[in-house]
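**Student:** Structure file coords13.txt (compact mmCIF, C-alpha atoms) is given on the next line.
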# COMPACT_ATOMS: atom_id res chain seq x y z
CA MET A 54 12.03 -31.63 -67.20
CA PRO A 55 10.67 -28.66 -65.33
CA SER A 56 8.90 -29.47 -62.15
CA ILE A 57 5.31 -28.51 -61.90
CA VAL A 58 4.69 -26.67 -58.65
CA SER A 59 1.21 -26.60 -57.31
CA PRO A 60 -0.29 -23.16 -56.84
CA ALA A 61 -0.71 -23.78 -53.07
CA ARG A 62 2.96 -24.66 -52.70
CA ALA A 63 4.01 -21.56 -54.62
CA MET A 64 1.82 -19.43 -52.42
CA ALA A 65 3.35 -20.98 -49.26
CA ARG A 66 6.89 -20.20 -50.46
CA LYS A 67 5.93 -16.65 -51.24
CA PHE A 68 4.30 -16.27 -47.80
CA ARG A 69 7.39 -17.65 -46.04
CA ARG A 70 9.68 -15.13 -47.72
CA ASN A 71 7.45 -12.15 -46.97
CA ARG A 72 8.54 -10.45 -43.72
CA LYS A 73 6.02 -7.62 -43.74
CA GLY A 74 4.11 -7.46 -40.47
CA SER A 75 6.51 -9.63 -38.48
CA ALA A 76 7.35 -6.74 -36.15
CA ALA A 77 3.66 -6.25 -35.39
CA VAL A 78 3.23 -9.94 -34.59
CA GLU A 79 6.32 -9.95 -32.35
CA PHE A 80 5.06 -6.83 -30.55
CA ALA A 81 1.66 -8.45 -30.03
CA ILE A 82 3.41 -11.38 -28.35
CA VAL A 83 5.67 -9.26 -26.11
CA ALA A 84 3.36 -6.28 -25.37
CA PRO A 85 1.09 -7.87 -22.73
CA ILE A 86 4.09 -9.00 -20.69
CA PHE A 87 5.77 -5.61 -21.06
CA PHE A 88 2.68 -3.64 -20.01
CA ALA A 89 1.90 -5.98 -17.10
CA LEU A 90 5.45 -5.51 -15.80
CA LEU A 91 5.28 -1.74 -16.33
CA PHE A 92 1.99 -1.41 -14.43
CA ALA A 93 3.26 -3.67 -11.63
CA ILE A 94 6.34 -1.47 -11.21
CA ILE A 95 4.18 1.67 -11.11
CA GLU A 96 1.82 0.12 -8.56
CA VAL A 97 4.66 -0.98 -6.26
CA ALA A 98 6.17 2.50 -6.50
CA MET A 99 2.81 4.03 -5.54
CA ILE A 100 2.54 1.66 -2.55
CA PHE A 101 6.01 2.63 -1.33
CA PHE A 102 5.28 6.33 -1.83
CA ALA A 103 1.93 6.14 -0.01
CA SER A 104 3.53 4.16 2.83
CA GLN A 105 6.20 6.81 3.26
CA VAL A 106 3.62 9.62 3.28
CA LEU A 107 1.59 7.76 5.93
CA GLU A 108 4.74 7.12 7.98
CA THR A 109 5.71 10.80 7.89
CA ALA A 110 2.18 11.89 8.87
CA VAL A 111 2.20 9.54 11.87
CA GLN A 112 5.65 10.65 13.00
CA ASP A 113 4.75 14.34 12.75
CA SER A 114 1.35 13.94 14.44
CA SER A 115 2.78 11.78 17.23
CA ARG A 116 4.86 14.72 18.36
CA LEU A 117 1.62 16.27 19.62
CA ILE A 118 1.30 13.41 22.11
CA PHE A 119 5.04 13.11 22.78
CA THR A 120 5.33 16.80 23.71
CA ARG A 121 2.05 16.65 25.71
CA GLN A 122 0.26 19.17 23.45
CA ALA A 123 -2.54 16.65 22.81
CA GLN A 124 -2.97 16.02 26.55
CA ASP A 125 -3.01 19.73 27.40
CA ALA A 126 -5.61 20.40 24.68
CA SER A 127 -7.71 17.35 25.76
CA MET A 128 -7.55 16.14 22.16
CA THR A 129 -10.07 13.43 21.23
CA GLN A 130 -9.42 10.50 18.89
CA ASP A 131 -11.24 12.27 16.05
CA GLN A 132 -9.24 15.46 16.60
CA PHE A 133 -5.99 13.49 16.56
CA LYS A 134 -7.08 11.67 13.39
CA THR A 135 -7.76 15.08 11.84
CA GLU A 136 -4.19 16.09 12.70
CA VAL A 137 -2.91 12.97 10.94
CA CYS A 138 -5.13 13.65 7.93
CA LYS A 139 -3.86 17.25 7.65
CA ARG A 140 -0.44 15.79 6.90
CA LEU A 141 -1.67 13.33 4.26
CA ILE A 142 -1.77 14.40 0.64
CA SER A 143 -4.66 13.82 -1.73
CA LEU A 144 -3.66 10.18 -2.33
CA PHE A 145 -5.64 9.21 0.77
CA ASP A 146 -9.34 9.17 1.58
CA CYS A 147 -9.32 10.29 5.20
CA SER A 148 -12.57 8.48 5.97
CA ILE A 149 -10.69 5.19 5.53
CA VAL A 150 -7.69 6.13 7.72
CA ARG A 151 -7.74 4.39 11.11
CA VAL A 152 -5.63 5.63 14.04
CA ASP A 153 -4.74 3.51 17.07
CA VAL A 154 -3.04 5.06 20.13
CA GLN A 155 -2.18 2.68 22.94
CA ASN A 156 -0.61 3.29 26.34
CA TYR A 157 1.75 0.58 27.69
CA GLY A 158 2.61 2.15 31.05
CA SER A 159 6.26 2.69 31.91
CA ASP A 160 7.82 -0.69 30.94
CA PHE A 161 8.90 -1.39 27.37
CA GLY A 162 8.57 -5.11 28.15
CA THR A 163 4.79 -4.76 28.20
CA VAL A 164 4.60 -3.53 24.60
CA SER A 165 2.76 -6.09 22.52
CA ILE A 166 1.78 -5.14 19.01
CA THR A 167 -0.67 -7.42 17.22
CA THR A 168 -1.56 -7.51 13.58
CA PRO A 169 -4.92 -5.96 12.68
CA ILE A 170 -5.54 -8.63 10.01
CA ASP A 171 -7.51 -11.72 10.99
CA SER A 172 -7.20 -15.24 9.55
CA ASN A 173 -9.77 -14.43 6.83
CA LYS A 174 -7.69 -11.49 5.60
CA LYS A 175 -10.17 -8.98 7.03
CA PHE A 176 -9.15 -5.77 8.78
CA VAL A 177 -9.92 -5.81 12.51
CA ASP A 178 -11.03 -2.29 13.40
CA ASN A 179 -10.60 -2.17 17.20
CA MET A 180 -8.78 1.14 17.39
CA GLN A 181 -8.11 2.62 20.82
CA TYR A 182 -7.11 6.06 22.00
CA ASN A 183 -5.17 6.34 25.24
CA ILE A 184 -2.55 9.10 25.16
CA GLY A 185 -1.33 8.45 28.69
CA LYS A 186 0.49 10.66 31.11
CA ALA A 187 4.08 11.85 31.56
CA GLY A 188 6.61 9.01 31.25
CA ASP A 189 4.19 6.50 29.68
CA ILE A 190 5.17 4.45 26.65
CA ILE A 191 2.85 5.22 23.75
CA VAL A 192 2.51 3.39 20.43
CA VAL A 193 0.71 5.29 17.67
CA ARG A 194 -0.33 3.33 14.60
CA ALA A 195 -2.22 4.40 11.50
CA PHE A 196 -3.75 2.07 8.92
CA TYR A 197 -5.01 2.57 5.40
CA GLN A 198 -6.56 0.02 3.06
CA TRP A 199 -4.87 0.77 -0.26
CA PRO A 200 -6.73 -0.49 -3.37
CA LEU A 201 -4.71 -2.55 -5.85
CA PHE A 202 -5.28 -2.70 -9.59
CA VAL A 203 -2.62 -4.99 -11.08
CA THR A 204 -3.59 -8.07 -9.05
CA GLY A 205 -5.58 -9.47 -11.97
CA LEU A 206 -2.43 -9.76 -14.06
CA GLY A 207 -0.84 -12.34 -11.76
CA PHE A 208 1.06 -9.87 -9.57
CA ASP A 209 -0.71 -9.88 -6.22
CA THR A 210 0.72 -7.83 -3.33
CA SER A 211 -2.56 -7.79 -1.41
CA ASN A 212 -2.65 -8.81 2.23
CA LEU A 213 -6.37 -8.09 2.69
CA ALA A 214 -9.40 -9.67 1.10
CA GLY A 215 -10.86 -7.80 -1.83
CA GLY A 216 -7.55 -7.01 -3.51
CA LYS A 217 -6.33 -4.41 -1.01
CA ARG A 218 -3.03 -3.81 0.72
CA LEU A 219 -3.02 -2.68 4.36
CA LEU A 220 -0.56 0.16 4.75
CA SER A 221 0.55 0.83 8.30
CA ALA A 222 2.77 3.32 10.05
CA THR A 223 3.99 3.17 13.65
CA ALA A 224 5.58 5.55 16.12
CA ALA A 225 6.68 4.36 19.56
CA PHE A 226 7.98 6.74 22.24
CA ARG A 227 7.95 7.63 25.92
CA ASN A 228 5.91 10.75 26.76
CA GLU A 229 7.94 13.71 27.94
CA PRO A 230 7.75 14.49 31.65
Give the structure from this file in structure tokens form.
**Tutor:**
Amino acid sequence: MPSIVSPARAMARKFRRNRKGSAAVEFAIVAPIFFALLFAIIEVAMIFFASQVLETAVQDSSRLIFTRQAQDASMTQDQFKTEVCKRLISLFDCSIVRVDVQNYGSDFGTVSITTPIDSNKKFVDNMQYNIGKAGDIIVVRAFYQWPLFVTGLGFDTSNLAGGKRLLSATAAFRNEP
């Protein structure tokens, strides 16, 4: 005797055998993870690139102090910051760049570098400018608050409040005689 199949059951069998659209459903499941990973990789690459550009700008600008050109020209903090900014490409907004130049005398044992981030993840902007004299140990640091975009997707590389990453570059040297 032939079995009588209900129309709902027949429809379910037909639906189970139909594979049209399965690739679209699988892509919809995998796509958010793929794009989040892709954007996170791009953002980390941009952070590394920007850090390297800032580091190069600080190293090149610090030579002005190291070779005593800044001292001979009586360069101010703003003028030195302008020299740093000349070496930065368009990735940076120069109004946000902070430059700190500290003199530690003639003993490397006195060098004490503190973090410019307080316990509330805020940037402490107490930049100094003391280019010293011949033979002094100078530490030049530059800081930039880099905005992050992928933090909302669960990948958070921020070290400042407000979803920003503090980029820093340092050059330490003894002034030429």
**Student:** Can you measure atom CA of A:Gly158 to atom CA of A:Ala126 for me? One decimal in Å is fine.
**Tutor:**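 Going from atom CA of A:Gly158 over to atom CA of A:Ala126, I get 21.0 Å.
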**Student:** Atom CA of A:Gln122 and atom CA of A:Asn179 are how many Å apart?
**Tutor:** 24.7 Å
**Student:** Smallest atom-to-atom distance to A:Phe88: which of A:Asn156, A:Gly216, A:Val203, A:Asn173, using only C-alpha atoms?
**Tutor:**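 So, comparing all the options, the nearest one is A:Val203.
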**Student:** Quick one: of A:Gly74, A:Gly162, A:Pro200, A:Pro60, who's nearest to A:Asp146, counting only C-alpha atoms?
**Tutor:**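 Of A:Gly74, A:Gly162, A:Pro200, A:Pro60, the one nearest A:Asp146 is A:Pro200, counting only C-alpha atoms.
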**Student:** Taking all atoms listed in the file into account, which of A:Ser104, A:Ser165, A:Ser127, A:Ser115 comes nearest A:Arg194?
**Tutor:**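 For A:Arg194, the nearest of the candidates is A:Ser115.
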**Student:** Which residue, A:Ala187, A:Val192, A:Ile142, A:Val111, has the smallest gap to A:Thr167 when you use only C-alpha atoms?
**Tutor:**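 Once distances to A:Thr167 are computed over only C-alpha atoms, the minimum belongs to A:Val192.
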**Student:** Figure out the distance between atom CA of A:Ile95 and atom CA of A:Ala195, please, to one decimal in Å.
**Tutor:**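 Rounded to one decimal, the two atoms are 23.7 Å apart.
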**Student:** Determine, counting only C-alpha atoms, which protein, DNA and RNA residues have an atom within 12 Å of an atom of A:Phe133; residues of the same chain fewer than 6 positions away are not included. Present the result as a list in words.
**Tutor:**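 Here the qualifying residues turn out to be Ala110, Val111, Asp113, Ser114, Ser115, Arg116, Leu117, Ile118, Gln122, Ala123, Gln124, Ala126, Ser127, Lys139, Arg140, Val150, Arg151, Val152, Asp153, Val154, Gln181, Tyr182, Asn183, Ile184, Val193, Arg194 and Ala195 of chain A.
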